[in-house]
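The structure file coords-v5.pdb is reproduced below (PDB, C-alpha atoms).
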ATOM      1  CA  MET A   7      14.111  -0.012  19.991
ATOM      2  CA  ASN A   8      10.441  -0.824  19.505
ATOM      3  CA  ALA A   9       7.795   0.251  21.966
ATOM      4  CA  ASP A  10       6.684  -2.293  24.578
ATOM      5  CA  PRO A  11       3.284  -3.902  23.835
ATOM      6  CA  ASN A  12       2.604  -3.940  27.587
ATOM      7  CA  ASP A  13       2.591  -0.117  27.597
ATOM      8  CA  THR A  14      -0.243   0.343  25.081
ATOM      9  CA  HIS A  15      -3.058   0.569  27.623
ATOM     10  CA  ALA A  16      -1.291   3.175  29.758
ATOM     11  CA  VAL A  17      -0.410   5.254  26.691
ATOM     12  CA  TYR A  18      -4.053   5.432  25.596
ATOM     13  CA  GLU A  19      -5.162   6.326  29.112
ATOM     14  CA  ARG A  20      -2.716   9.224  29.188
ATOM     15  CA  GLN A  21      -3.197  10.348  25.597
ATOM     16  CA  ALA A  22      -6.962   9.834  25.106
ATOM     17  CA  SER A  23      -7.916  13.496  24.776
ATOM     18  CA  GLU A  24      -4.937  14.326  22.600
ATOM     19  CA  TYR A  25      -5.502  11.302  20.378
ATOM     20  CA  ASP A  26      -9.160  12.205  19.944
ATOM     21  CA  ARG A  27      -8.245  15.807  19.138
ATOM     22  CA  ARG A  28      -5.759  14.782  16.452
ATOM     23  CA  ARG A  29      -7.779  11.888  15.008
ATOM     24  CA  SER A  30      -9.072  12.727  11.536
ATOM     25  CA  LYS A  31     -12.875  12.928  11.459
ATOM     26  CA  ALA A  32     -12.937  13.423   7.680
ATOM     27  CA  LEU A  33     -13.909   9.767   7.094
ATOM     28  CA  PHE A  34     -11.115   8.916   4.681
ATOM     29  CA  GLU A  35     -12.161   5.346   5.601
ATOM     30  CA  ALA A  36     -15.627   5.743   4.019
ATOM     31  CA  ARG A  37     -14.860   3.786   0.844
ATOM     32  CA  TRP A  38     -13.722   0.778   2.865
ATOM     33  CA  LEU A  39     -16.589   1.107   5.321
ATOM     34  CA  ALA A  40     -19.052   1.089   2.435
ATOM     35  CA  ARG A  41     -17.389  -1.986   0.957
ATOM     36  CA  PHE A  42     -17.455  -3.692   4.348
ATOM     37  CA  THR A  43     -21.187  -3.098   4.771
ATOM     38  CA  ALA A  44     -22.196  -3.875   1.173
ATOM     39  CA  SER A  45     -23.530  -7.272   2.243
ATOM     40  CA  LEU A  46     -25.053  -5.991   5.512
ATOM     41  CA  LYS A  47     -28.334  -4.228   6.088
ATOM     42  CA  PRO A  48     -29.412  -1.491   8.506
ATOM     43  CA  GLY A  49     -30.125  -2.954  11.919
ATOM     44  CA  ASP A  50     -27.408  -5.608  11.610
ATOM     45  CA  ARG A  51     -25.074  -5.935  14.568
ATOM     46  CA  VAL A  52     -21.566  -4.513  14.203
ATOM     47  CA  LEU A  53     -18.782  -4.888  16.779
ATOM     48  CA  ASP A  54     -16.239  -2.049  16.794
ATOM     49  CA  LEU A  55     -13.245  -3.728  18.438
ATOM     50  CA  GLY A  56     -10.941  -1.141  19.957
ATOM     51  CA  CYS A  57     -13.528   1.569  19.379
ATOM     52  CA  GLY A  58     -11.635   4.308  21.209
ATOM     53  CA  SER A  59     -13.707   7.485  21.419
ATOM     54  CA  GLY A  60     -16.185   6.124  18.875
ATOM     55  CA  ASP A  61     -15.368   8.870  16.389
ATOM     56  CA  PRO A  62     -15.403   8.490  13.445
ATOM     57  CA  ILE A  63     -15.809   4.713  12.948
ATOM     58  CA  ALA A  64     -18.647   3.845  15.348
ATOM     59  CA  ARG A  65     -20.270   7.190  14.556
ATOM     60  CA  TRP A  66     -20.426   6.236  10.869
ATOM     61  CA  PHE A  67     -22.010   2.854  11.587
ATOM     62  CA  MET A  68     -24.586   4.383  13.914
ATOM     63  CA  ALA A  69     -25.450   7.047  11.343
ATOM     64  CA  GLU A  70     -25.949   4.306   8.737
ATOM     65  CA  GLY A  71     -28.467   2.539  10.968
ATOM     66  CA  PHE A  72     -26.408  -0.348  12.338
ATOM     67  CA  ASP A  73     -26.685  -1.742  15.874
ATOM     68  CA  VAL A  74     -23.204  -0.923  17.175
ATOM     69  CA  THR A  75     -21.355  -2.362  20.161
ATOM     70  CA  GLY A  76     -18.043  -0.682  20.924
ATOM     71  CA  ILE A  77     -15.429  -2.252  23.161
ATOM     72  CA  ASP A  78     -12.143  -0.772  24.301
ATOM     73  CA  PHE A  79      -9.784  -1.340  27.210
ATOM     74  CA  SER A  80      -9.210   2.362  27.881
ATOM     75  CA  ASP A  81     -11.590   3.968  30.373
ATOM     76  CA  ALA A  82     -10.425   7.404  29.236
ATOM     77  CA  MET A  83     -11.308   6.689  25.602
ATOM     78  CA  LEU A  84     -14.669   5.161  26.523
ATOM     79  CA  ALA A  85     -15.499   8.183  28.663
ATOM     80  CA  ILE A  86     -15.322  10.359  25.534
ATOM     81  CA  ALA A  87     -17.593   7.971  23.620
ATOM     82  CA  ARG A  88     -20.108   7.791  26.464
ATOM     83  CA  ASP A  89     -20.174  11.562  26.777
ATOM     84  CA  ARG A  90     -20.968  11.954  23.064
ATOM     85  CA  TRP A  91     -23.393   9.038  22.769
ATOM     86  CA  PRO A  92     -24.762   8.272  26.245
ATOM     87  CA  ASP A  93     -27.243   5.784  24.814
ATOM     88  CA  GLY A  94     -24.546   3.826  22.981
ATOM     89  CA  ASP A  95     -23.425   0.300  23.860
ATOM     90  CA  TRP A  96     -19.899   0.977  25.102
ATOM     91  CA  ARG A  97     -18.115  -1.798  27.016
ATOM     92  CA  ASN A  98     -14.749  -1.997  28.725
ATOM     93  CA  ALA A  99     -13.003  -5.130  27.460
ATOM     94  CA  ASP A 100      -9.658  -6.218  26.051
ATOM     95  CA  MET A 101      -9.568  -7.612  22.518
ATOM     96  CA  ARG A 102      -7.098 -10.228  23.752
ATOM     97  CA  ASN A 103      -9.674 -11.914  25.977
ATOM     98  CA  PHE A 104     -13.139 -10.442  25.333
ATOM     99  CA  GLU A 105     -16.043 -12.856  25.513
ATOM    100  CA  LEU A 106     -19.526 -11.640  24.576
ATOM    101  CA  ASP A 107     -22.721 -13.665  24.702
ATOM    102  CA  GLN A 108     -23.708 -12.744  21.164
ATOM    103  CA  GLN A 109     -22.554 -12.943  17.562
ATOM    104  CA  PHE A 110     -22.263 -10.104  15.089
ATOM    105  CA  ASP A 111     -22.909  -9.578  11.402
ATOM    106  CA  GLY A 112     -19.702  -7.584  11.131
ATOM    107  CA  ILE A 113     -16.578  -6.958  13.216
ATOM    108  CA  ILE A 114     -14.188  -4.088  12.550
ATOM    109  CA  ALA A 115     -10.874  -3.348  14.273
ATOM    110  CA  TRP A 116      -9.559  -0.149  12.696
ATOM    111  CA  ASN A 117      -6.288   1.189  14.142
ATOM    112  CA  SER A 118      -6.455  -1.207  17.097
ATOM    113  CA  PHE A 119      -5.724  -4.812  16.102
ATOM    114  CA  PHE A 120      -2.151  -4.011  15.083
ATOM    115  CA  HIS A 121      -1.254  -3.155  18.692
ATOM    116  CA  LEU A 122      -1.315  -6.893  19.484
ATOM    117  CA  THR A 123       1.728  -9.128  19.167
ATOM    118  CA  ALA A 124       1.741 -11.639  16.319
ATOM    119  CA  ASP A 125       0.676 -14.506  18.605
ATOM    120  CA  GLU A 126      -2.039 -12.349  20.177
ATOM    121  CA  GLN A 127      -3.303 -11.471  16.713
ATOM    122  CA  LYS A 128      -3.666 -15.153  15.822
ATOM    123  CA  ASP A 129      -5.606 -15.772  19.029
ATOM    124  CA  CYS A 130      -7.743 -12.684  18.413
ATOM    125  CA  ILE A 131      -8.665 -13.808  14.902
ATOM    126  CA  ALA A 132      -9.926 -17.086  16.360
ATOM    127  CA  ARG A 133     -11.887 -15.144  18.981
ATOM    128  CA  MET A 134     -13.372 -12.812  16.365
ATOM    129  CA  ALA A 135     -14.358 -15.776  14.201
ATOM    130  CA  ARG A 136     -16.324 -17.235  17.119
ATOM    131  CA  HIS A 137     -18.153 -13.923  17.515
ATOM    132  CA  LEU A 138     -19.099 -13.702  13.836
ATOM    133  CA  ARG A 139     -22.270 -15.136  12.375
ATOM    134  CA  PRO A 140     -21.943 -17.336   9.281
ATOM    135  CA  LYS A 141     -21.266 -15.092   6.253
ATOM    136  CA  GLY A 142     -20.356 -12.260   8.657
ATOM    137  CA  MET A 143     -17.747  -9.704   7.615
ATOM    138  CA  LEU A 144     -14.414  -8.843   9.228
ATOM    139  CA  MET A 145     -12.229  -5.815   8.508
ATOM    140  CA  LEU A 146      -8.863  -5.034  10.090
ATOM    141  CA  THR A 147      -6.083  -2.552   9.605
ATOM    142  CA  VAL A 148      -2.774  -4.412   9.679
ATOM    143  CA  GLY A 149       0.817  -3.843   8.651
ATOM    144  CA  PRO A 150       2.024  -4.175   5.051
ATOM    145  CA  ARG A 151       4.527  -6.882   5.975
ATOM    146  CA  ALA A 152       5.476  -9.180   8.848
ATOM    147  CA  GLY A 153       7.344  -7.531  11.683
ATOM    148  CA  GLU A 154       7.268  -5.122  14.609
ATOM    149  CA  VAL A 155       7.448  -1.333  14.445
ATOM    150  CA  SER A 156       6.588   1.648  16.630
ATOM    151  CA  GLY A 157       3.781   4.098  15.989
ATOM    152  CA  THR A 158       2.627   7.113  17.951
ATOM    153  CA  VAL A 159      -0.396   8.023  20.032
ATOM    154  CA  GLY A 160      -0.295  11.683  20.951
ATOM    155  CA  SER A 161       3.287  12.306  21.989
ATOM    156  CA  GLU A 162       4.144   8.712  22.958
ATOM    157  CA  LEU A 163       5.385   5.656  21.118
ATOM    158  CA  VAL A 164       3.159   2.580  20.854
ATOM    159  CA  TYR A 165       3.801  -0.957  19.697
ATOM    160  CA  HIS A 166       2.616  -2.227  16.289
ATOM    161  CA  ALA A 167       2.994  -5.721  14.807
ATOM    162  CA  SER A 168       1.837  -7.589  11.730
ATOM    163  CA  LEU A 169       1.839 -10.991  10.090
ATOM    164  CA  SER A 170       2.569 -11.334   6.394
ATOM    165  CA  PRO A 171      -0.375 -11.291   3.965
ATOM    166  CA  ALA A 172       0.066 -15.053   3.520
ATOM    167  CA  GLY A 173       0.223 -15.466   7.288
ATOM    168  CA  TYR A 174      -3.092 -13.674   7.667
ATOM    169  CA  ALA A 175      -4.675 -15.713   4.864
ATOM    170  CA  GLY A 176      -3.627 -18.950   6.520
ATOM    171  CA  CYS A 177      -4.806 -17.888   9.966
ATOM    172  CA  LEU A 178      -8.149 -16.750   8.585
ATOM    173  CA  GLU A 179      -8.651 -20.022   6.714
ATOM    174  CA  LYS A 180      -7.815 -22.017   9.834
ATOM    175  CA  ASN A 181     -10.649 -20.210  11.609
ATOM    176  CA  GLY A 182     -13.303 -20.580   8.942
ATOM    177  CA  LEU A 183     -12.743 -17.194   7.304
ATOM    178  CA  GLN A 184     -11.770 -16.314   3.753
ATOM    179  CA  MET A 185      -9.833 -13.185   2.815
ATOM    180  CA  THR A 186     -11.948 -11.147   0.391
ATOM    181  CA  GLY A 187      -9.845  -8.004   0.168
ATOM    182  CA  TYR A 188      -6.344  -6.776   0.952
ATOM    183  CA  LEU A 189      -4.604  -3.558   0.000
ATOM    184  CA  ALA A 190      -1.228  -2.526   1.361
ATOM    185  CA  GLU A 191      -0.703   1.145   2.170
ATOM    186  CA  ASP A 192      -3.788   2.407   0.348
ATOM    187  CA  PRO A 193      -2.943   5.946  -0.817
ATOM    188  CA  GLU A 194      -6.629   6.894  -0.632
ATOM    189  CA  ALA A 195      -6.856   5.821   3.015
ATOM    190  CA  GLN A 196      -3.867   7.668   4.474
ATOM    191  CA  SER A 197      -1.602   4.703   3.642
ATOM    192  CA  HIS A 198      -3.467   2.271   5.889
ATOM    193  CA  THR A 199      -3.187  -1.418   5.036
ATOM    194  CA  ILE A 200      -6.650  -2.971   5.039
ATOM    195  CA  LEU A 201      -7.707  -6.603   5.211
ATOM    196  CA  MET A 202     -11.256  -7.868   4.699
ATOM    197  CA  ALA A 203     -12.618 -11.391   5.212
ATOM    198  CA  ARG A 204     -15.909 -13.242   5.283
ATOM    199  CA  LYS A 205     -16.879 -16.102   7.574
ATOM    200  CA  ASN A 206     -17.830 -19.274   5.783
ATOM    201  CA  SER A 207     -21.485 -20.245   5.768
ATOM    202  CA  ARG A 208     -20.707 -23.442   7.623
ATOM    203  CA  ARG A 209     -19.617 -23.400  11.249
ATOM    204  CA  SER A 210     -15.935 -22.744  11.852
ATOM    205  CA  PRO A 211     -13.900 -25.518  13.514
TER
END
Would you write the structure of this file as structure tokens?
Amino acid sequence: MNADPNDTHAVYERQASEYDRRRSKALFEARWLARFTASLKPGDRVLDLGCGSGDPIARWFMAEGFDVTGIDFSDAMLAIARDRWPDGDWRNADMRNFELDQQFDGIIAWNSFFHLTADEQKDCIARMARHLRPKGMLMLTVGPRAGEVSGTVGSELVYHASLSPAGYAGCLEKNGLQMTGYLAEDPEAQSHTILMARKNSRRSP
């Protein structure tokens, strides 16, 4: 039986310290992060959606000179980020309904977006598109195929879901985004499946 998507928040609240302790800080993501920011410049605004403790993803962006906003729905995870970077822009919000009064040059949701149900993911892509500037970049970790599975956070099961690659491409296009990269189970990124997209220069519908 798959984990319940309604339990994800409580799991992260309970497992925040353990998750942070186990989370690799070796930046195996660096190659993708560099590709993501190739068209950005220092000082550009980056939204880390589901930022968790901020380490290592937000930390990398801050070290590279980007203006980072991190949002997460777990107070326990944000407490770790705020303790490490008290001057950082850390906000408590849910990626299913966040609404910020600004747009970003890049949005990343690494190891967070896939906790949403398929329908929530479609809604979230539309929401992310509205928060992206024209030609802004989007990068997500997703599943390698459509379906629902269970992952782990600390010692507890958590819900994961994914659309198919074609399903993502269609949803992105519907929201004024074009897929620019996709690699299933990248062996050089601990078997993560990574999707990249760019917002069209014209306004999305």
Practice problem: Using the chain letters and numbering of this document, enumerate as a ChimeraX atom specification the residues selected by the PyMOL selection byres ((chain A and resi 21) around 12). | Solution: /A:14-20,22-29,58-59,80-83,158-164
Quiz item: Can you tell me how far CA of Ile113 (chain A) sits from CA of Leu169 (chain A), in Å to one decimal?
Solution: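 Pair CA of Ile113 (chain A) / CA of Leu169 (chain A) returns 19.1 Å.
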Quiz item: What does the PyMOL selection byres ((chain A and resi 70) around 12) select in this file, as a list in words?
Solution: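 After applying the PyMOL selection byres ((chain A and resi 70) around 12), what remains is Ala36, Leu39, Ala40, Thr43, Ala44, Leu46, Lys47, Pro48, Gly49, Asp50, Arg51, Val52, Ile63, Ala64, Arg65, Trp66, Phe67, Met68, Ala69, Gly71, Phe72, Asp73 and Val74 of chain A.
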Only C-alpha atoms, please: the residues just picked out, written as a short mmCIF file (atom, residue, chain, number, x, y, z; two decimals), in the coordinates of the input.
data_model
loop_
_atom_site.label_atom_id
_atom_site.label_comp_id
_atom_site.auth_asym_id
_atom_site.auth_seq_id
_atom_site.Cartn_x
_atom_site.Cartn_y
_atom_site.Cartn_z
CA ALA A 36 -15.63 5.74 4.02
CA LEU A 39 -16.59 1.11 5.32
CA ALA A 40 -19.05 1.09 2.44
CA THR A 43 -21.19 -3.10 4.77
CA ALA A 44 -22.20 -3.88 1.17
CA LEU A 46 -25.05 -5.99 5.51
CA LYS A 47 -28.33 -4.23 6.09
CA PRO A 48 -29.41 -1.49 8.51
CA GLY A 49 -30.12 -2.95 11.92
CA ASP A 50 -27.41 -5.61 11.61
CA ARG A 51 -25.07 -5.94 14.57
CA VAL A 52 -21.57 -4.51 14.20
CA ILE A 63 -15.81 4.71 12.95
CA ALA A 64 -18.65 3.84 15.35
CA ARG A 65 -20.27 7.19 14.56
CA TRP A 66 -20.43 6.24 10.87
CA PHE A 67 -22.01 2.85 11.59
CA MET A 68 -24.59 4.38 13.91
CA ALA A 69 -25.45 7.05 11.34
CA GLY A 71 -28.47 2.54 10.97
CA PHE A 72 -26.41 -0.35 12.34
CA ASP A 73 -26.68 -1.74 15.87
CA VAL A 74 -23.20 -0.92 17.18
#
Practice problem: Give me, please, the distance in Å between CA of Asp10 (chain A) and CA of Tyr174 (chain A), quoted to one decimal. | Solution: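 Value for the CA of Asp10 (chain A)-CA of Tyr174 (chain A) distance: 22.6 Å.
Going from CA of Trp38 (chain A) to CA of Leu144 (chain A) covers 11.6 Å.
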Quiz item: Using all atoms listed in the file, which residue out of A:Leu178, A:Ala99, A:Phe79, A:Thr199 lies closest to Val148 (chain A)?
Solution: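 The shortest atom-to-atom distance to Val148 (chain A) comes from A:Thr199.
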Selection near Asn117 (chain A), 8 Å with all atoms listed in the file, sequence-local residues under 2 positions removed, as a compact mmCIF listing (two decimals) with C-alpha atoms, keeping the file's coordinate frame:
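Saved the output as selection.txt:
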# COMPACT_ATOMS: atom_id res chain seq x y z
CA GLY A 56 -10.94 -1.14 19.96
CA ALA A 115 -10.87 -3.35 14.27
CA PHE A 119 -5.72 -4.81 16.10
CA PHE A 120 -2.15 -4.01 15.08
CA LEU A 146 -8.86 -5.03 10.09
CA THR A 147 -6.08 -2.55 9.60
CA VAL A 148 -2.77 -4.41 9.68
Practice problem: Please write as number ranges by chain the full residue list that the PyMOL selection byres ((chain A and resi 102) around 12) yields on this file. | Solution: A: 55-56, 77-79, 99-101, 103-105, 118-134
Exercise. May I ask which of the residues A:Thr75, A:Asn98, A:Thr186, A:Gln108 is the closest one to Met145 (chain A), counting all atoms listed in the file?
Key: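 Between A:Thr75, A:Asn98, A:Thr186, A:Gln108, the residue approaching Met145 (chain A) most closely is A:Thr186.
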Quiz item: Given the choices A:Ala9, A:Ile86, A:Ala190, A:Ala172, which gets closest to Gly149 (chain A) if the distance is worked out from only C-alpha atoms?
Solution: A:Ala190
Quiz prompt | Point (-15.3, -7.4, 4.7), cut-off 6 Å, counting all atoms listed in the file, residues as a list of chain:residue names | solution =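 Within the cut-off we find A:Phe42, A:Met143, A:Leu144, A:Met145, A:Met202, A:Ala203, A:Arg204.
Closest to Phe110 (chain A) among A:Lys180, A:His198, A:Arg41, A:Lys141 is A:Lys141, based on all atoms listed in the file.
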Self-check item: Nearest candidate to Tyr165 (chain A) (options A:Gly153, A:Leu106, A:Ala32, A:Arg90; using only C-alpha atoms)
Solution: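 Counting only C-alpha atoms, the residue closest to Tyr165 (chain A) is A:Gly153.
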Quiz prompt | Near-Ala152 (chain A) list (9 Å; only C-alpha atoms; drop same-chain fewer than 5 positions) as a PyMOL selection string | solution = chain A and resi 124+167-171+173
Compile the contact shell of Pro140 (chain A) as a PDB file with C-alpha atoms, in the frame of the given file: residues with an atom at most 6 Å away, counting all atoms listed in the file, same-chain residues fewer than 4 positions apart removed.
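Wrote part_11.pdb, looks like this:
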ATOM      1  CA  LYS A 205     -16.879 -16.102   7.574  1.00  0.00           C
ATOM      2  CA  ASN A 206     -17.830 -19.274   5.783  1.00  0.00           C
ATOM      3  CA  SER A 207     -21.485 -20.245   5.768  1.00  0.00           C
TER       4      SER A 207
END
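Between Gly76 (chain A) and the candidates A:Cys57, A:Leu183, A:Leu189, A:Ala195, the tightest atom-to-atom separation, counting all atoms listed in the file, involves A:Cys57.
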